[in-house]
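Text of entry-v6.txt (compact mmCIF, C-alpha atoms) as supplied:
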# COMPACT_ATOMS: atom_id res chain seq x y z
CA MET A 18 173.45 85.16 142.06
CA SER A 19 172.45 83.55 138.76
CA ASP A 20 172.05 85.61 135.59
CA GLU A 21 168.34 84.80 135.68
CA ARG A 22 167.95 86.24 139.17
CA ALA A 23 170.20 89.19 138.39
CA SER A 24 167.90 90.18 135.52
CA ALA A 25 164.66 89.46 137.39
CA PRO A 26 162.21 92.38 137.45
CA LEU A 27 161.75 94.44 140.58
CA LEU A 28 158.56 94.29 142.59
CA LEU A 29 156.54 97.00 144.26
CA GLU A 30 154.36 97.55 147.30
CA THR A 31 152.38 100.76 147.71
CA ILE A 32 151.29 101.30 151.30
CA LYS A 33 149.00 103.99 152.65
CA ILE A 34 150.31 106.04 155.56
CA VAL A 35 148.02 108.41 157.46
CA GLU A 36 149.41 110.48 160.33
CA GLY A 37 152.30 108.06 160.77
CA LYS A 38 150.16 104.90 160.72
CA THR A 39 150.50 102.23 158.04
CA HIS A 40 147.32 100.64 156.67
CA ASN A 41 146.72 96.96 155.91
CA LEU A 42 150.38 96.12 156.46
CA SER A 43 149.67 92.41 157.05
CA TYR A 44 148.19 92.10 153.54
CA HIS A 45 151.15 93.88 151.97
CA GLN A 46 153.53 91.64 153.90
CA ALA A 47 151.68 88.52 152.75
CA ARG A 48 151.85 89.60 149.11
CA CYS A 49 155.53 90.51 149.44
CA ASN A 50 156.28 87.08 150.88
CA LYS A 51 154.28 85.31 148.17
CA SER A 52 155.86 87.36 145.36
CA ARG A 53 159.44 86.79 146.55
CA GLN A 54 158.78 83.09 146.91
CA LYS A 55 157.30 82.86 143.42
CA LEU A 56 159.91 84.98 141.65
CA PHE A 57 163.05 84.15 143.61
CA LYS A 58 162.16 80.96 145.53
CA ARG A 59 162.85 82.85 148.75
CA THR A 60 161.24 81.55 151.94
CA ASP A 61 162.68 84.23 154.25
CA THR A 62 160.77 87.42 155.06
CA LEU A 63 161.59 90.94 153.98
CA ASN A 64 160.16 92.56 157.10
CA LEU A 65 158.24 95.62 155.87
CA SER A 66 157.39 96.96 159.32
CA SER A 67 161.09 97.26 160.19
CA LEU A 68 161.83 99.06 156.91
CA ILE A 69 159.12 101.71 157.16
CA HIS A 70 159.90 104.91 159.05
CA ALA A 71 156.76 106.81 158.27
CA PRO A 72 156.30 110.59 158.32
CA GLN A 73 154.23 111.42 161.39
CA THR A 74 151.86 113.91 159.80
CA GLY A 75 149.95 113.91 156.53
CA LEU A 76 148.84 111.38 153.91
CA TYR A 77 151.62 109.54 152.12
CA ARG A 78 152.13 106.81 149.56
CA CYS A 79 154.93 104.61 150.82
CA ARG A 80 156.57 103.14 147.71
CA ILE A 81 158.70 100.08 148.44
CA VAL A 82 160.67 98.63 145.52
CA TYR A 83 162.25 95.26 146.19
CA GLY A 84 163.58 92.03 144.76
CA GLU A 85 165.39 89.47 146.83
CA GLN A 86 166.36 92.43 149.02
CA LEU A 87 165.12 95.98 149.50
CA HIS A 88 165.88 98.23 146.53
CA SER A 89 164.39 101.56 147.60
CA ILE A 90 161.74 103.10 149.81
CA ASP A 91 160.14 106.51 149.28
CA TYR A 92 157.40 108.51 150.97
CA ILE A 93 155.37 110.51 148.46
CA PRO A 94 152.61 112.98 149.46
CA TYR A 95 149.39 111.59 148.02
CA VAL A 96 146.82 113.49 145.98
CA PRO A 97 143.93 111.35 144.62
CA LYS A 98 143.40 111.26 140.88
CA GLU A 99 140.03 112.57 139.70
CA MET A 100 137.92 109.83 138.12
CA ARG A 101 135.05 110.94 135.90
CA ARG A 102 135.29 108.99 132.66
CA LEU A 103 136.14 105.31 132.22
CA LYS A 104 135.88 102.98 129.25
CA ILE A 105 136.51 99.32 128.50
CA VAL A 106 139.59 98.43 126.47
CA SER A 107 140.61 94.93 125.38
CA ALA A 108 144.25 94.08 126.04
CA ASP A 109 146.28 90.92 126.59
CA ILE A 110 148.30 92.13 129.58
CA GLU A 111 150.09 90.03 132.19
CA TYR A 112 150.47 91.64 135.62
CA ASP A 113 150.00 88.81 138.12
CA LEU A 114 152.73 90.23 140.38
CA LYS A 115 152.96 93.89 141.34
CA TYR A 116 155.97 94.77 139.22
CA ALA A 117 157.70 98.12 139.58
CA ASN A 118 157.80 98.38 135.79
CA ARG A 119 154.34 99.57 134.71
CA ASP A 120 155.24 100.56 131.14
CA THR A 121 152.58 98.34 129.53
CA LEU A 122 149.83 99.67 131.77
CA ASN A 123 150.97 103.27 131.39
CA ALA A 124 151.09 102.91 127.59
CA LEU A 125 147.53 101.59 127.57
CA LEU A 126 146.30 104.62 129.49
CA GLU A 127 148.42 106.98 127.38
CA SER A 128 146.75 105.67 124.23
CA ASN A 129 143.29 106.41 125.67
CA LYS A 130 143.61 110.04 126.67
CA ASP A 131 139.90 110.67 126.16
CA VAL A 132 139.17 109.04 129.56
CA ASP A 133 140.58 109.18 133.09
CA GLU A 134 140.96 105.41 133.36
CA VAL A 135 140.40 102.23 131.36
CA ILE A 136 138.83 98.98 132.47
CA ILE A 137 140.93 96.21 130.96
CA GLU A 138 139.03 93.41 129.26
CA LYS A 139 140.99 90.18 128.88
CA ASN A 140 139.74 86.94 127.34
CA GLY A 141 136.26 88.44 127.23
CA CYS A 142 136.15 89.24 130.96
CA LEU A 143 136.58 92.49 132.84
CA THR A 144 139.65 92.57 135.10
CA ASP A 145 141.10 95.79 136.55
CA THR A 146 141.85 99.39 135.70
CA THR A 147 145.51 100.37 135.31
CA ILE A 148 145.67 101.51 138.95
CA SER A 149 143.00 99.54 140.78
CA ASN A 150 140.78 96.54 141.15
CA ILE A 151 137.12 97.14 140.36
CA ALA A 152 133.76 96.16 141.81
CA PHE A 153 130.15 96.38 140.66
CA SER A 154 126.97 96.58 142.73
CA ASN A 155 123.60 95.11 141.81
CA GLY A 156 121.98 97.11 144.60
CA ARG A 157 122.30 94.30 147.13
CA GLN A 158 125.88 93.03 146.92
CA TRP A 159 129.25 94.10 145.55
CA PHE A 160 131.05 91.82 143.10
CA THR A 161 134.65 91.94 141.90
CA PRO A 162 136.05 90.03 138.90
CA GLU A 163 137.17 86.58 139.99
CA LYS A 164 140.25 86.80 137.74
CA PRO A 165 141.81 90.25 138.17
CA LEU A 166 145.11 91.18 136.60
CA LEU A 167 146.49 91.64 140.11
CA GLU A 168 145.14 90.45 143.44
CA GLY A 169 145.19 93.74 145.33
CA THR A 170 145.63 94.02 149.09
CA MET A 171 142.44 96.03 149.73
CA ARG A 172 140.50 93.66 147.46
CA ALA A 173 141.80 90.72 149.50
CA LYS A 174 140.82 92.39 152.77
CA LEU A 175 137.26 93.15 151.60
CA ILE A 176 136.83 89.57 150.33
CA ASP A 177 138.07 88.20 153.67
CA GLU A 178 135.59 90.44 155.48
CA GLY A 179 132.72 89.14 153.34
CA PHE A 180 131.94 92.53 151.81
CA LEU A 181 133.13 91.62 148.31
CA HIS A 182 132.15 88.54 146.33
CA THR A 183 134.05 87.21 143.31
CA LYS A 184 132.31 86.57 140.03
CA GLU A 185 133.09 86.41 136.33
CA ILE A 186 131.95 89.74 134.90
CA ARG A 187 131.63 90.44 131.18
CA GLN A 188 130.76 93.65 129.40
CA LYS A 189 127.34 92.28 128.47
CA ASP A 190 126.60 91.85 132.19
CA LEU A 191 126.98 95.54 133.06
CA PRO A 192 123.27 96.44 132.67
CA ASN A 193 122.71 94.18 135.71
CA TYR A 194 124.72 96.56 137.88
CA SER A 195 123.93 100.04 139.14
CA GLN A 196 127.26 101.24 140.55
CA VAL A 197 130.99 100.80 140.02
CA ALA A 198 133.80 101.24 142.54
CA LEU A 199 137.58 101.38 142.34
CA ILE A 200 139.70 99.58 144.92
CA ASN A 201 143.34 100.02 145.84
CA ALA A 202 145.58 100.58 148.83
CA MET A 203 145.44 104.37 148.63
CA ILE A 204 141.81 105.13 147.78
CA GLY A 205 140.34 102.19 149.68
CA PHE A 206 136.89 101.43 148.27
CA LYS A 207 135.79 104.40 146.18
CA ILE A 208 132.29 104.39 144.72
CA LEU A 209 132.16 106.51 141.58
CA ASN A 210 129.44 108.87 140.47
CA HIS A 211 126.14 107.08 139.86
CA ASP A 212 126.19 108.00 136.16
CA THR A 213 129.61 106.44 135.61
CA ILE A 214 128.43 102.90 134.97
CA GLN A 215 125.77 104.09 132.51
CA ASN A 216 128.46 105.97 130.59
CA ILE A 217 130.65 102.84 130.55
CA ILE A 218 127.74 100.79 129.17
CA LYS A 219 127.10 103.40 126.49
CA GLY A 220 130.81 103.73 125.72
CA LYS A 221 130.87 107.44 126.50
Taking this structure as input, can you express it in the form of structure tokens?
Amino acid sequence: MSDERASAPLLLETIKIVEGKTHNLSYHQARCNKSRQKLFKRTDTLNLSSLIHAPQTGLYRCRIVYGEQLHSIDYIPYVPKEMRRLKIVSADIEYDLKYANRDTLNALLESNKDVDEVIIEKNGCLTDTTISNIAFSNGRQWFTPEKPLLEGTMRAKLIDEGFLHTKEIRQKDLPNYSQVALINAMIGFKILNHDTIQNIIKGK
């Protein structure tokens, strides 16, 4: 293995498991394949379904860390994080692959302890929170930023199903929307309290 590959960062997939059943595994597998090909030039498949031996009862976060090969796999009981206060923060962050190292994202949230989550603004456009993709509703349709930090698996599924539409979204556009939702593998599509978007607009 070359020094470059030996020092390559590890990647991560977080998969929802409910009563022994994995959710959206085909989307996780597709992202795993794409990430390994991009980072390591690998065209073989790290077969996630053969690696997962899920607990048969309860709600779990299956955390798979991998590179060219499997690094580790853990099953962690999942408790959703309460989301009441969000705000927009500008940051020049790169997270186009789901890296296991989240230090930059964690530091951004740590420096904004007055809120539960931050919406990351990059190059003048809204992207993601530190743990999820985002979507906004105008009362008729749901839109998600066309250039997220990370193309999430649940986001991809909802776009494929025609529920989500991609669009450039800037902070100045927020008065056109009435609701905000968070999207990731564990929470699915979670619409936040109706007042949340007004508080984001007002910077509360």
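Using only C-alpha atoms, the nearest neighbour of Ile34 in chain A within the list A:Glu85, A:Glu111, A:Asp91, A:Asp61 is A:Asp91.
Here the question is which of A:Val82, A:Leu114, A:Ile137, A:Leu181 gets nearest to Leu29 in chain A using only C-alpha atoms, and that residue is A:Val82.
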For the interface of range 19-97 of chain A with range 202-212 of chain A (cut-off 10 Å, counting all atoms listed in the file), please tabulate each contacting residue of range 19-97 of chain A alongside its nearest pair of atoms and their separation in Å to one decimal, rows sorted by chain and increasing number, as a tab-separated table.
residue	atom	partner	partner_atom	distance
A:Glu30	CA	A:Ala202	CA	9.4
A:Thr31	CA	A:Ala202	CA	6.9
A:Ile32	CA	A:Ala202	CA	6.3
A:Lys33	CA	A:Met203	CA	5.4
A:Ile34	CA	A:Met203	CA	8.6
A:His40	CA	A:Ala202	CA	8.0
A:Asn41	CA	A:Ala202	CA	8.0
A:His45	CA	A:Ala202	CA	9.3
A:Leu76	CA	A:Met203	CA	9.4
A:Tyr77	CA	A:Met203	CA	8.8
A:Arg78	CA	A:Met203	CA	7.2
A:Cys79	CA	A:Met203	CA	9.7
A:Tyr95	CA	A:Met203	CA	8.3
A:Val96	CA	A:Met203	CA	9.6
A:Pro97	CA	A:Ile204	CA	7.3
>> Which residue is closest to Thr74 in chain A? Choose from A:Arg59, A:Arg157, A:Lys38, A:His182 and count all atoms listed in the file.
In response: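 Among the listed residues, the smallest separation from Thr74 in chain A belongs to A:Lys38.
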>> as a VMD selection string, please: the residues near Asp145 in chain A (cut-off 7 Å, all atoms listed in the file, same-chain neighbours under 6 positions excluded).
In response: chain A and resid 136 to 137 151 165 to 166
> For the atom pair CA of Thr60 in chain A and CA of Gly37 in chain A, what is the interatomic distance in Å to one decimal place?
Replying inline: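 Between CA of Thr60 in chain A and CA of Gly37 in chain A the gap works out to 29.3 Å.
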>> Would you pick out the contacts of Asp113 in chain A at 10 Å or less, using all atoms listed in the file, so that residues sharing its chain but fewer than 5 positions from it are not included, and give the list as number ranges by chain?
In response: A: 52, 164-169
> Which distance in Å separates CA of Gln215 in chain A and CA of Asn193 in chain A, to one decimal?
Replying inline: 10.9 Å
> Which one of A:Gly179, A:Pro26, A:Gly84, A:Gly141 sits closest to Gln158 in chain A if you count only C-alpha atoms?
Replying inline: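 Checking each of A:Gly179, A:Pro26, A:Gly84, A:Gly141 against Gln158 in chain A, counting only C-alpha atoms, the winner is A:Gly179.
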> By how many Å are CA of Val197 in chain A and CA of Arg102 in chain A apart?
Replying inline: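 Going from CA of Val197 in chain A over to CA of Arg102 in chain A covers 11.8 Å.
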>> My list of candidates is A:Lys115, A:Lys104, A:Arg187, A:Lys98. Which is closest to Cys49 in chain A when distances are computed with all atoms listed in the file?
In response: A:Lys115
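Summary of the local environment: counting all atoms listed in the file, residues at most 9 Å from Pro192 in chain A, other than itself and those fewer than 2 positions away along its chain, are Gln188, Lys189, Asp190, Tyr194, Ser195, Ile214, Gln215 and Ile218 of chain A.
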> For Ala152 in chain A, which of A:Asn123, A:Gln196, A:Thr170, A:Asn140 is the closest residue, counting only C-alpha atoms?
Replying inline: A:Gln196
> Can you find the residues with an atom no farther than 12 Å from (141.8, 109.5, 129.7), counting all atoms listed in the file, and report them as a VMD selection string?
Replying inline: chain A and resid 98 to 106 123 to 136 146 to 147 221
